[in-house]
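**Q** Just so it is clear, I am handing over input_14.csv, which has CSV, C-alpha atoms.
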chain,number,residue,atom,x,y,z
C,252,MET,CA,22.8,-6.8,53.1
C,253,ASP,CA,23.9,-10.5,52.5
C,254,THR,CA,26.1,-11.7,49.7
C,255,SER,CA,23.3,-12.8,47.4
C,256,ASP,CA,21.5,-9.5,47.8
C,257,HIS,CA,24.7,-7.7,47.0
C,258,LEU,CA,25.3,-9.8,43.9
C,259,THR,CA,21.7,-9.3,42.6
C,260,ALA,CA,21.9,-5.6,43.1
C,261,ARG,CA,25.2,-5.4,41.3
C,262,TRP,CA,23.9,-7.4,38.3
C,263,CYS,CA,20.7,-5.3,38.1
C,264,GLY,CA,22.8,-2.2,38.2
C,265,ILE,CA,25.1,-3.3,35.4
C,266,LEU,CA,22.2,-4.5,33.2
C,267,THR,CA,20.1,-1.3,33.8
C,268,LEU,CA,23.2,0.7,32.8
C,269,THR,CA,23.7,-1.3,29.7
C,270,VAL,CA,20.0,-0.8,28.7
C,271,LEU,CA,20.2,2.9,29.4
C,272,LEU,CA,23.5,3.3,27.5
C,273,GLY,CA,22.0,1.3,24.6
C,274,THR,CA,18.9,3.5,24.4
C,275,PHE,CA,20.9,6.7,24.6
C,276,THR,CA,23.6,5.7,22.1
C,277,GLY,CA,21.0,5.1,19.4
C,278,CYS,CA,20.5,1.3,19.6
C,279,ALA,CA,16.7,1.8,19.5
C,280,LEU,CA,14.5,4.0,17.4
C,281,THR,CA,13.4,7.2,19.1
C,282,ALA,CA,9.8,8.1,19.6
C,283,LYS,CA,9.9,10.6,16.7
C,284,GLN,CA,11.5,8.0,14.4
C,285,LYS,CA,8.7,5.5,15.3
C,286,VAL,CA,6.1,8.1,14.5
C,287,ALA,CA,7.7,8.8,11.2
C,288,VAL,CA,7.8,5.1,10.3
C,289,ARG,CA,4.2,4.5,11.4
C,290,GLN,CA,2.9,7.5,9.5
C,291,PHE,CA,4.8,6.6,6.4
C,292,GLY,CA,3.6,3.0,6.6
C,293,GLY,CA,0.0,4.0,7.1
C,294,SER,CA,0.1,6.4,4.1
C,295,ALA,CA,1.8,3.8,1.9
C,296,ALA,CA,-0.9,1.3,2.8
C,297,THR,CA,-3.7,3.9,1.9
C,298,LEU,CA,-2.1,4.8,-1.4
C,299,GLY,CA,-1.6,1.1,-2.3
C,300,ASP,CA,-5.0,-0.1,-1.2
C,301,VAL,CA,-7.0,2.8,-2.8
C,302,THR,CA,-5.1,2.6,-6.1
C,303,SER,CA,-5.7,-1.2,-6.2
C,304,SER,CA,-9.4,-0.8,-5.6
C,305,GLU,CA,-9.6,2.1,-8.1
C,306,LEU,CA,-8.0,-0.1,-10.8
C,307,ARG,CA,-10.7,-2.7,-10.2
C,308,ALA,CA,-13.4,0.1,-10.3
C,309,MET,CA,-11.9,1.3,-13.6
C,310,ARG,CA,-12.2,-2.2,-15.1
C,311,ASP,CA,-15.9,-2.4,-13.9
C,312,ASP,CA,-16.5,1.1,-15.4
C,313,THR,CA,-15.0,-0.1,-18.7
C,314,VAL,CA,-17.3,-3.1,-18.8
C,315,LYS,CA,-20.4,-1.0,-18.0
C,316,MET,CA,-19.5,1.7,-20.5
C,317,THR,CA,-18.8,-0.7,-23.3
C,318,ILE,CA,-22.1,-2.5,-22.7
C,319,GLU,CA,-24.0,0.9,-22.8
C,320,ARG,CA,-22.2,2.0,-25.9
C,321,LEU,CA,-23.1,-1.3,-27.7
C,322,LEU,CA,-26.7,-1.0,-26.5
C,323,LEU,CA,-27.0,2.5,-27.8
C,324,GLY,CA,-25.0,2.4,-31.0
C,325,GLY,CA,-24.7,-1.2,-31.9
C,326,GLU,CA,-21.6,-2.9,-33.3
C,327,SER,CA,-19.7,-0.9,-35.9
C,328,LYS,CA,-19.3,-2.5,-39.3
C,329,ASP,CA,-15.8,-1.2,-39.6
C,330,PRO,CA,-13.5,-4.3,-39.8
C,331,ASN,CA,-10.5,-2.3,-38.6
C,332,LEU,CA,-12.0,-1.7,-35.1
C,333,GLY,CA,-11.4,-5.3,-34.0
C,334,ASP,CA,-13.5,-7.3,-31.6
C,335,GLN,CA,-16.0,-4.8,-30.2
C,336,THR,CA,-17.6,-7.3,-27.9
C,337,SER,CA,-14.5,-7.6,-25.8
C,338,LEU,CA,-16.1,-5.8,-22.9
C,339,ASP,CA,-13.1,-5.2,-20.7
C,340,ARG,CA,-10.8,-4.1,-23.6
C,341,GLY,CA,-7.9,-2.1,-22.1
C,342,PHE,CA,-8.5,-3.2,-18.5
C,343,GLU,CA,-8.2,-6.9,-19.0
C,344,VAL,CA,-7.6,-9.1,-16.0
C,345,LYS,CA,-3.9,-9.6,-16.8
C,346,ARG,CA,-3.2,-5.9,-17.0
C,347,ILE,CA,-5.1,-5.1,-13.8
C,348,GLU,CA,-3.6,-8.0,-12.0
C,349,THR,CA,0.0,-6.9,-12.9
C,350,VAL,CA,-0.5,-3.2,-12.0
C,351,SER,CA,-2.5,-3.8,-8.9
C,352,GLY,CA,-0.1,-6.6,-7.9
C,353,ALA,CA,2.5,-3.8,-7.5
C,354,THR,CA,0.1,-1.4,-5.7
C,355,ARG,CA,-1.0,-4.2,-3.4
C,356,ALA,CA,2.7,-5.0,-2.7
C,357,LEU,CA,3.1,-1.3,-1.8
C,358,ALA,CA,0.2,-1.5,0.6
C,359,ALA,CA,1.7,-4.6,2.2
C,360,TYR,CA,5.0,-2.8,2.5
C,361,GLY,CA,3.3,0.0,4.4
C,362,LYS,CA,1.5,-2.5,6.7
C,363,SER,CA,4.7,-4.4,7.3
C,364,LEU,CA,6.4,-1.2,8.5
C,365,GLU,CA,3.5,-0.4,10.8
C,366,ALA,CA,3.5,-3.9,12.2
C,367,LEU,CA,7.3,-3.8,12.8
C,368,VAL,CA,7.2,-0.5,14.5
C,369,ASP,CA,4.2,-1.2,16.7
C,370,ASP,CA,5.2,-2.7,20.0
C,371,MET,CA,3.3,-5.9,20.4
C,372,GLN,CA,6.1,-7.6,22.3
C,373,SER,CA,6.2,-5.7,25.6
C,374,ALA,CA,3.1,-7.4,27.0
C,375,GLU,CA,4.3,-10.8,25.8
C,376,LEU,CA,7.6,-10.1,27.5
C,377,ILE,CA,6.0,-9.3,30.8
C,378,THR,CA,4.0,-12.5,30.8
C,379,ALA,CA,7.1,-14.6,29.8
C,380,SER,CA,9.3,-13.0,32.5
C,381,ASN,CA,6.5,-13.6,35.1
C,382,GLU,CA,6.3,-17.2,34.1
C,383,PHE,CA,10.1,-17.5,34.3
C,384,VAL,CA,10.3,-16.0,37.8
C,385,ALA,CA,7.4,-18.2,38.9
C,386,SER,CA,9.2,-21.3,37.6
C,387,LEU,CA,12.4,-20.3,39.2
C,388,GLY,CA,10.6,-19.9,42.5
C,389,ARG,CA,9.3,-23.5,42.3
C,390,VAL,CA,12.9,-24.9,42.2
C,391,PRO,CA,13.5,-26.0,45.8
C,392,THR,CA,17.1,-24.7,46.1
C,393,MET,CA,16.2,-21.4,44.5
C,394,LYS,CA,13.3,-21.0,46.9
C,395,GLU,CA,15.8,-21.3,49.8
C,396,GLN,CA,18.4,-18.9,48.4
C,397,LEU,CA,16.3,-16.1,46.8
C,398,SER,CA,13.8,-13.8,48.5
C,399,ASP,CA,10.6,-12.6,46.7
C,400,LYS,CA,12.2,-9.2,46.2
C,401,GLN,CA,15.2,-10.8,44.5
C,402,LEU,CA,13.0,-12.9,42.2
C,403,GLU,CA,11.1,-9.7,41.3
C,404,SER,CA,14.4,-8.0,40.5
C,405,ILE,CA,15.3,-10.9,38.2
C,406,GLY,CA,12.0,-10.5,36.4
C,407,THR,CA,12.6,-6.8,35.9
C,408,VAL,CA,16.1,-7.5,34.5
C,409,ILE,CA,14.7,-10.1,32.1
C,410,GLN,CA,12.1,-7.5,30.9
C,411,ASP,CA,14.7,-4.8,30.5
C,412,VAL,CA,17.2,-6.9,28.7
C,413,GLY,CA,14.6,-8.6,26.5
C,414,GLY,CA,13.1,-5.2,25.7
C,415,PHE,CA,16.5,-3.8,24.9
C,416,TRP,CA,17.2,-6.7,22.6
C,417,ILE,CA,13.8,-6.3,20.9
C,418,GLU,CA,14.3,-2.5,20.4
C,419,TRP,CA,17.8,-3.1,19.0
C,420,LYS,CA,16.5,-5.8,16.6
C,421,ARG,CA,13.5,-3.6,15.6
C,422,LYS,CA,15.8,-0.7,14.7
C,423,GLN,CA,18.1,-3.0,12.8
C,424,ALA,CA,15.2,-4.6,10.8
C,425,ILE,CA,13.4,-1.3,10.0
C,426,THR,CA,16.7,0.4,8.9
C,427,THR,CA,17.7,-2.5,6.7
C,428,ILE,CA,14.2,-2.9,5.1
C,429,VAL,CA,13.7,0.8,4.5
C,430,LYS,CA,17.2,1.2,3.0
C,431,GLU,CA,17.0,-1.9,0.8
C,432,SER,CA,13.5,-1.0,-0.5
C,433,GLN,CA,14.3,2.6,-1.2
C,434,ASN,CA,15.0,2.1,-4.9
C,435,ALA,CA,12.0,-0.3,-5.4
C,436,VAL,CA,9.6,2.2,-3.7
C,437,GLU,CA,11.0,5.1,-5.7
C,438,HIS,CA,10.7,3.2,-8.9
C,439,LEU,CA,7.1,2.3,-8.3
C,440,CYS,CA,6.4,5.9,-7.4
C,441,ASP,CA,7.9,6.9,-10.8
C,442,LEU,CA,5.8,4.3,-12.6
C,443,LEU,CA,2.6,5.6,-10.9
C,444,ILE,CA,3.5,9.2,-11.6
C,445,ARG,CA,4.1,8.4,-15.3
C,446,ASP,CA,1.2,6.0,-16.0
C,447,PHE,CA,-1.5,7.7,-13.8
C,448,ASP,CA,-0.9,11.2,-15.1
C,449,PRO,CA,-4.4,12.5,-16.1
C,450,ASP,CA,-3.0,14.2,-19.2
C,451,LYS,CA,-0.2,12.0,-20.4
C,452,GLY,CA,-0.5,8.6,-18.8
C,453,TRP,CA,-1.9,5.5,-20.4
C,454,VAL,CA,-4.5,4.8,-17.7
C,455,ALA,CA,-6.3,8.1,-18.4
C,456,LYS,CA,-6.2,7.5,-22.2
C,457,GLN,CA,-7.4,4.0,-21.8
C,458,LEU,CA,-10.5,5.3,-19.9
C,459,GLN,CA,-11.0,8.0,-22.5
C,460,ILE,CA,-11.0,5.5,-25.3
C,461,VAL,CA,-14.1,4.0,-23.8
C,462,GLU,CA,-15.6,7.1,-22.3
C,463,ASP,CA,-15.6,9.5,-25.3
C,464,PRO,CA,-17.4,7.1,-27.7
C,465,LEU,CA,-20.0,6.5,-25.0
C,466,MET,CA,-20.5,10.3,-24.6
C,467,ALA,CA,-21.0,10.5,-28.4
C,468,GLU,CA,-23.5,7.7,-28.5
C,469,ALA,CA,-25.3,9.1,-25.4
C,470,THR,CA,-25.5,12.5,-27.0
C,471,ASN,CA,-26.9,11.0,-30.2
C,472,ALA,CA,-29.5,9.1,-28.2
C,473,LEU,CA,-30.5,12.1,-26.2
C,474,LYS,CA,-30.8,14.4,-29.3
C,475,ASP,CA,-32.7,11.7,-31.3
C,476,GLY,CA,-34.8,10.4,-28.4
C,477,ARG,CA,-38.5,11.0,-28.6
C,478,THR,CA,-39.8,9.5,-25.4
C,479,TYR,CA,-39.1,9.8,-21.7
C,480,ASN,CA,-37.7,6.3,-21.8
C,481,ASP,CA,-35.3,7.1,-24.7
C,482,ARG,CA,-34.0,10.0,-22.8
C,483,LYS,CA,-33.8,8.0,-19.5
C,484,ILE,CA,-31.6,5.4,-21.3
C,485,ALA,CA,-29.4,8.2,-22.7
C,486,LEU,CA,-29.0,9.8,-19.4
C,487,GLU,CA,-28.0,6.6,-17.7
C,488,ALA,CA,-25.2,6.3,-20.2
C,489,PHE,CA,-24.1,9.9,-19.5
C,490,GLN,CA,-24.0,9.0,-15.8
C,491,PHE,CA,-21.5,6.1,-16.5
C,492,ALA,CA,-19.4,8.4,-18.6
C,493,HIS,CA,-19.5,11.1,-15.9
C,494,GLY,CA,-18.4,8.6,-13.2
C,495,SER,CA,-15.5,7.5,-15.3
C,496,ARG,CA,-14.5,11.1,-16.1
C,497,MET,CA,-14.4,11.9,-12.3
C,498,ARG,CA,-12.0,8.9,-11.8
C,499,ARG,CA,-9.9,10.1,-14.8
C,500,THR,CA,-9.6,13.6,-13.6
C,501,GLU,CA,-9.9,13.7,-9.8
C,502,VAL,CA,-8.7,10.2,-8.7
C,503,LEU,CA,-5.8,10.0,-11.1
C,504,LYS,CA,-4.5,13.4,-10.1
C,505,ARG,CA,-4.6,12.5,-6.5
C,506,VAL,CA,-2.8,9.2,-7.1
C,507,ILE,CA,0.1,11.0,-8.8
C,508,ASP,CA,0.1,13.7,-6.1
C,509,SER,CA,0.4,11.0,-3.5
C,510,ALA,CA,3.0,9.1,-5.4
C,511,THR,CA,5.1,12.3,-5.8
C,512,ALA,CA,4.8,13.0,-2.1
C,513,MET,CA,5.6,9.4,-1.3
C,514,LYS,CA,8.8,9.5,-3.4
C,515,LYS,CA,10.0,12.5,-1.4
C,516,ALA,CA,8.8,11.1,1.9
C,517,ASN,CA,10.6,7.8,1.1
C,518,GLY,CA,13.9,9.7,0.9
C,519,THR,CA,13.2,11.4,4.2
C,520,LEU,CA,12.3,8.1,5.8
C,521,VAL,CA,15.7,6.7,4.9
C,522,GLN,CA,17.4,9.7,6.5
C,523,ALA,CA,15.1,9.4,9.5
C,524,VAL,CA,16.0,5.8,10.3
C,525,THR,CA,19.7,6.3,9.6
C,526,ASN,CA,19.7,9.2,12.1
C,527,SER,CA,21.0,12.0,9.8
C,528,ALA,CA,19.2,15.3,9.7
C,529,TRP,CA,15.6,15.0,8.5
C,530,SER,CA,12.4,16.9,8.5
C,531,PHE,CA,9.0,15.6,9.4
C,532,GLN,CA,7.3,17.8,6.8
C,533,ASP,CA,7.7,15.5,3.8
C,534,ILE,CA,6.1,12.6,5.7
C,535,GLN,CA,3.2,14.7,6.9
C,536,ASP,CA,2.7,16.0,3.4
C,537,PHE,CA,2.5,12.4,2.1
C,538,ALA,CA,0.0,11.6,4.8
C,539,GLN,CA,-2.1,14.6,3.7
C,540,LYS,CA,-2.0,13.6,0.0
C,541,SER,CA,-2.9,10.0,0.6
C,542,TYR,CA,-5.8,11.1,2.9
C,543,SER,CA,-7.0,13.4,0.1
C,544,LEU,CA,-7.0,10.5,-2.4
C,545,GLN,CA,-9.0,8.4,0.1
C,546,THR,CA,-11.5,11.2,0.6
C,547,ALA,CA,-11.9,11.9,-3.1
C,548,VAL,CA,-12.6,8.2,-3.8
C,549,LYS,CA,-15.3,8.1,-1.0
C,550,ILE,CA,-17.0,11.2,-2.6
C,551,ILE,CA,-17.0,9.6,-6.1
C,552,VAL,CA,-18.3,6.3,-4.9
C,553,ILE,CA,-21.1,8.0,-2.9
C,554,GLU,CA,-21.9,10.0,-6.0
Q,688,MET,CA,7.9,19.8,-25.8
Q,689,ALA,CA,6.1,18.4,-28.8
Q,690,GLU,CA,2.9,16.5,-28.3
Q,691,SER,CA,3.1,12.8,-28.7
Q,692,LEU,CA,0.9,10.9,-31.2
Q,693,GLU,CA,-1.2,9.5,-28.3
Q,694,GLU,CA,-1.8,13.0,-27.0
Q,695,LYS,CA,-2.8,14.3,-30.4
Q,696,LEU,CA,-5.3,11.4,-30.8
Q,697,SER,CA,-6.6,11.9,-27.3
Q,698,ALA,CA,-7.2,15.6,-28.1
Q,699,MET,CA,-9.0,14.6,-31.3
Q,700,LEU,CA,-11.3,12.3,-29.3
Q,701,SER,CA,-12.3,15.1,-26.9
Q,702,ASN,CA,-12.7,17.6,-29.8
Q,703,ILE,CA,-15.0,15.2,-31.7
Q,704,THR,CA,-17.1,14.6,-28.6
Q,705,SER,CA,-17.5,18.4,-28.2
Q,706,LEU,CA,-18.5,18.7,-31.9
Q,707,ILE,CA,-21.1,15.9,-31.6
Q,708,ILE,CA,-22.6,17.7,-28.6
Q,709,LYS,CA,-22.8,21.0,-30.7
Q,710,THR,CA,-23.9,19.5,-34.0
Q,711,LYS,CA,-27.7,19.4,-34.7
Q,712,SER,CA,-27.5,17.5,-38.0
Q,713,LYS,CA,-28.0,13.8,-37.4
Q,714,SER,CA,-26.0,12.7,-40.5
Q,715,GLU,CA,-23.1,15.0,-39.4
Q,716,ARG,CA,-23.2,13.4,-35.9
Q,717,THR,CA,-23.2,9.9,-37.4
Q,718,LYS,CA,-20.2,10.8,-39.6
Q,719,LEU,CA,-18.3,12.2,-36.5
Q,720,THR,CA,-19.2,9.2,-34.4
Q,721,ARG,CA,-17.8,6.9,-37.0
Q,722,GLN,CA,-14.6,9.0,-37.2
Q,723,GLN,CA,-14.3,9.0,-33.5
Q,724,ALA,CA,-14.6,5.2,-33.3
Q,725,GLN,CA,-11.7,5.0,-35.8
Q,726,ILE,CA,-9.5,7.3,-33.8
Q,727,ALA,CA,-10.3,5.4,-30.6
Q,728,GLY,CA,-9.2,2.2,-32.4
Q,729,GLN,CA,-5.9,3.8,-33.5
Q,730,LEU,CA,-5.3,5.1,-29.9
Q,731,GLN,CA,-6.0,1.7,-28.5
Q,732,VAL,CA,-3.3,0.2,-30.7
Q,733,LEU,CA,-0.8,2.7,-29.4
Q,734,ILE,CA,-1.8,2.3,-25.8
Q,735,ASP,CA,-1.5,-1.5,-26.1
Q,736,LYS,CA,2.1,-1.1,-27.3
Q,737,ILE,CA,2.9,1.3,-24.3
Q,738,VAL,CA,1.3,-1.1,-21.8
Q,739,ASP,CA,3.1,-4.1,-23.1
Q,740,LYS,CA,6.4,-2.3,-22.3
Q,741,THR,CA,5.1,-1.2,-19.0
Q,742,LEU,CA,3.9,-4.4,-17.4
Q,743,PRO,CA,7.4,-6.0,-16.9
Q,744,GLU,CA,8.4,-2.9,-15.0
Q,745,TYR,CA,5.4,-3.4,-12.6
Q,746,GLU,CA,6.3,-7.1,-12.3
Q,747,ALA,CA,9.9,-6.1,-11.3
Q,748,ALA,CA,8.6,-3.6,-8.7
Q,749,THR,CA,6.2,-6.2,-7.2
Q,750,LYS,CA,9.0,-8.7,-6.9
Q,751,ALA,CA,11.3,-6.2,-5.1
Q,752,LEU,CA,8.6,-5.1,-2.7
Q,753,ASN,CA,7.5,-8.7,-2.0
Q,754,ALA,CA,11.1,-9.5,-1.1
Q,755,ALA,CA,11.1,-6.6,1.4
Q,756,ASN,CA,7.8,-7.7,2.8
Q,757,ALA,CA,9.1,-11.3,3.3
Q,758,GLU,CA,12.1,-9.8,5.1
Q,759,ALA,CA,9.8,-7.7,7.3
Q,760,GLU,CA,7.7,-10.8,8.1
Q,761,THR,CA,10.8,-12.7,9.2
Q,762,ALA,CA,12.0,-9.8,11.3
Q,763,LYS,CA,8.6,-9.5,13.0
Q,764,LYS,CA,8.8,-13.2,13.9
Q,765,GLU,CA,12.3,-12.7,15.3
Q,766,LEU,CA,11.0,-9.9,17.5
Q,767,ASP,CA,8.1,-12.1,18.7
Q,768,LYS,CA,10.6,-15.0,19.5
Q,769,ILE,CA,12.2,-13.5,22.6
Q,770,ALA,CA,9.1,-13.9,24.8
Q,771,GLY,CA,8.7,-17.5,23.4
Q,772,ALA,CA,12.3,-18.3,24.3
Q,773,ILE,CA,11.9,-17.0,27.9
Q,774,LYS,CA,8.7,-19.1,28.2
Q,775,LYS,CA,10.6,-22.2,27.0
Q,776,PHE,CA,13.2,-21.5,29.7
Q,777,ALA,CA,10.5,-21.3,32.3
Q,778,SER,CA,9.0,-24.6,31.2
Q,779,ALA,CA,12.5,-26.2,31.2
Q,780,ILE,CA,13.0,-25.0,34.8
Q,781,ASP,CA,9.6,-26.5,35.8
Q,782,LYS,CA,10.7,-29.8,34.4
Q,783,LEU,CA,14.0,-29.7,36.2
Q,784,ALA,CA,12.2,-28.8,39.5
Q,785,ALA,CA,9.9,-31.7,39.0
Q,786,LEU,CA,12.9,-34.0,38.4
Q,787,ALA,CA,14.8,-32.7,41.4
Q,788,GLU,CA,11.7,-33.4,43.6
Q,789,LYS,CA,11.5,-37.0,42.3
Q,790,VAL,CA,15.3,-37.5,42.9
Q,791,ALA,CA,14.9,-36.1,46.4
Q,792,ALA,CA,11.9,-38.4,47.1
Q,793,ALA,CA,13.7,-41.6,45.9
Starting from the file, lay out its structure as C-alpha cells.

**A**
Amino acid sequence: MDTSDHLTARWCGILTLTVLLGTFTGCALTAKQKVAVRQFGGSAATLGDVTSSELRAMRDDTVKMTIERLLLGGESKDPNLGDQTSLDRGFEVKRIETVSGATRALAAYGKSLEALVDDMQSAELITASNEFVASLGRVPTMKEQLSDKQLESIGTVIQDVGGFWIEWKRKQAITTIVKESQNAVEHLCDLLIRDFDPDKGWVAKQLQIVEDPLMAEATNALKDGRTYNDRKIALEAFQFAHGSRMRRTEVLKRVIDSATAMKKANGTLVQAVTNSAWSFQDIQDFAQKSYSLQTAVKIIVIE
Amino acid sequence: MAESLEEKLSAMLSNITSLIIKTKSKSERTKLTRQQAQIAGQLQVLIDKIVDKTLPEYEAATKALNAANAEAETAKKELDKIAGAIKKFASAIDKLAALAEKVAAA
C-alpha cells in the first residue's frame, strides 16, 4: 500500500467512525422517532384539512337552509329578528376565514413535519457526490495521484458526511419546531374541543339556529301540503336539515375526538423527539381518530 | 354544573321543533314557529358575542403555527442545501481544471 492509499484509508476510517458514533449517540432521529413524526404529521394534516373543508360545507349548508326556510315560510314580520335575508348569517366569510385559517395552519404544520422527516436529500446527495468525484477526476494532477478506487472512496465519504450532517440538522430542526409549537398546537386543540363540542360549542348551536327553524317550516309544509309537489318541496327542505344535523352530531363529535387525541399525541411527540420515555399508543390513537373523521365526512358527503 | 343560557335556548329550540312535529293544529304550529324564530334570534345574539371573543384566539393560534411553518420551510431548504453546495464545489473544480489546462498549454 503506497502513502496516498494509506492516507485515504485512514481518513475514510476516521470519518466512518465519526458518522457511526454520531448515529449511535443520538445525533440523528431513530427509525421509530421518524415513524412517530410522520404519523403525527399525517394525522394533523387530515384533521386540519377535513375541519377546514367541513367549515366551508357548514357555510354552504347555512346558505341553502336559509334559502329553503325563506321559500317555505317567507320573511317574518317581527322587527326584532334582524335582517333575515342575510343568507350566510352565523357562518359569514370573516368567521369562516378566521377559524379555517387556524385549521389550515394546523394542516400545513402536519405537512411541514412530514416533509422535514421524509428523506428527499439522499438521492440528491449521491448525484452531487458523483459530480464532485467526476470533477476531481478531470483535474490533471488529481488524475495522476488518485486511483479510481480512491476517488470512489472520496465519494462515499462525502455521502456519509453529508448524510450525517443532514440527519443531524433534521433532528435539530424537528426537535426545535415540535418543542416551540407545543403550546400553540395544544391551544388550538383546546379551542377546537371547546367550540366544536356538539352539545356546548358555538359551531353546533350556530347550525341549530338555522336547522331547527327549517325543520319547523318543512314540517308545516309537509302537514299542510296537498299535492305531490308540495310534499316534494317539503321533503327537499328536510333533506337539507338532515344533512346539517349529520354534520352537527357526527362530524363535530369526531373533530373533538381527534383534537383531544391530538393534544395527547402532541405531548407524546415532544417526549419522542427529545428522547425521553414515550409510548407510540397516543400517536396511533390520534391517527385512528383522524381517520374516523375523514371516513365519517366521506359517508355524509356521499349521502 | 348549571346549564348556560345558550344551552337553555338551544334545548328550547329542539323542544319546539318536536312540538311542531307532534301538533296537528295549524294555528298552534304557526304560534310555535313564531316563538321558535324569536328564540333563534335571541340565541344568535348570544352566539355572536361568544364568537367575537373567540376569533382573536384563532388568529393568535394561526400566527403561532404559521411561524412554526415558516421555520420548518427554512429548515427544509437548509437540508436541501448540502447537495447544492457539493455541486457548486464540483463546478468550481471543473473551472479550475479548465484554467489549469489553459495555463499548461500557454

**Q** Any idea what the distance is between CA of Leu306 in chain C and CA of Ala759 in chain Q?

**A**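 Value for the CA of Leu306 in chain C-CA of Ala759 in chain Q distance: 26.5 Å.
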
**Q** Hey, list the chain C side of the contact with chain Q: 6 Å cut-off, only C-alpha atoms, answer as a list in words.

**A** Leu332, Val350, Ala353, Ala356, Tyr360, Leu367, Glu375, Leu376, Ala379, Phe383, Ser386, Val390, Ile417, Ala435, Ile460 and Ala467 of chain C

**Q** Suppose you want the space between CA of Thr500 in chain C and CA of Asp450 in chain C; what is it in Å?

**A**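 Answer for the CA of Thr500 in chain C to CA of Asp450 in chain C separation: 8.7 Å.
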
**Q** Write out as a ChimeraX atom specification the residues lying within 10 Å of Leu357 in chain C, counting all atoms listed in the file and excluding same-chain residues fewer than 2 positions away.

**A** /C:292,295-300,303,351-355,359-363,435-436,439-440 /Q:748-749,752-753,756

**Q** With only C-alpha atoms as the atoms that count, which of C:Ala308, C:Val461, C:Gly341, C:Ala469 lies nearest to Lys736 in chain Q?

**A**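 Once distances to Lys736 in chain Q are computed over only C-alpha atoms, the minimum belongs to C:Gly341.
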
**Q** Report the distance between CA of Lys515 in chain C and CA of Trp529 in chain C in Å, rounded to one decimal place.

**A** 11.6 Å

**Q** Would you compute, for all listed atoms of range 696-711 of chain Q, the axis-aligned bounding box grown by 5 Å on each side, and then report its centre and edge lengths in Å rounded to one decimal, as lines of an AutoDock Vina configuration file?

**A**
center_x = -16.5
center_y = 16.2
center_z = -30.8
size_x = 32.4
size_y = 19.6
size_z = 17.8

**Q** Which residue out of C:Arg499, C:Arg307, C:Thr470, C:Ser543 has the minimum interatomic distance to Ala485 in chain C when all atoms listed in the file are used?

**A** C:Thr470

**Q** Nearest to Asp399 in chain C among C:Val384, C:Ile425, C:Leu323, C:Val412, with distances taken over only C-alpha atoms: which residue is it?

**A**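 With only C-alpha atoms as the atom set, the closest residue is C:Val384.
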
**Q** Just checking: using all atoms listed in the file, which residue out of C:Val429, C:Leu458, C:Asp311, C:Leu338 ends up closest to Thr519 in chain C?

**A** C:Val429

**Q** Here is a test: counting all atoms listed in the file, which residue of C:Leu520, C:Val408, C:Leu473, C:Met466 is nearest to Val286 in chain C?

**A**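 Between C:Leu520, C:Val408, C:Leu473, C:Met466, the residue approaching Val286 in chain C most closely is C:Leu520.
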
**Q** Atoms are missing here; could range 728-739 of chain Q be completed with N, CA and C atoms and written as a tab-separated table (two decimals), in the coordinates of the input?

**A**
chain	number	residue	atom	x	y	z
Q	728	GLY	N	-9.89	3.50	-32.02
Q	728	GLY	CA	-9.20	2.20	-32.40
Q	728	GLY	C	-7.74	2.42	-32.58
Q	729	GLN	N	-7.36	3.53	-33.23
Q	729	GLN	CA	-5.90	3.80	-33.50
Q	729	GLN	C	-5.21	4.07	-32.11
Q	730	LEU	N	-5.87	4.83	-31.26
Q	730	LEU	CA	-5.30	5.10	-29.90
Q	730	LEU	C	-5.11	3.85	-29.13
Q	731	GLN	N	-6.10	2.96	-29.27
Q	731	GLN	CA	-6.00	1.70	-28.50
Q	731	GLN	C	-4.77	0.89	-28.91
Q	732	VAL	N	-4.46	0.89	-30.21
Q	732	VAL	CA	-3.30	0.20	-30.70
Q	732	VAL	C	-2.01	0.75	-30.04
Q	733	LEU	N	-1.94	2.09	-30.00
Q	733	LEU	CA	-0.80	2.70	-29.40
Q	733	LEU	C	-0.67	2.45	-27.90
Q	734	ILE	N	-1.83	2.52	-27.23
Q	734	ILE	CA	-1.80	2.30	-25.80
Q	734	ILE	C	-1.39	0.82	-25.50
Q	735	ASP	N	-1.87	-0.11	-26.32
Q	735	ASP	CA	-1.50	-1.50	-26.10
Q	735	ASP	C	0.05	-1.67	-26.18
Q	736	LYS	N	0.66	-0.97	-27.11
Q	736	LYS	CA	2.10	-1.10	-27.30
Q	736	LYS	C	2.82	-0.49	-26.00
Q	737	ILE	N	2.29	0.63	-25.51
Q	737	ILE	CA	2.90	1.30	-24.30
Q	737	ILE	C	2.74	0.32	-23.11
Q	738	VAL	N	1.54	-0.22	-22.95
Q	738	VAL	CA	1.30	-1.10	-21.80
Q	738	VAL	C	2.12	-2.35	-21.82
Q	739	ASP	N	2.29	-2.90	-23.02
Q	739	ASP	CA	3.10	-4.10	-23.10
Q	739	ASP	C	4.54	-3.88	-22.61
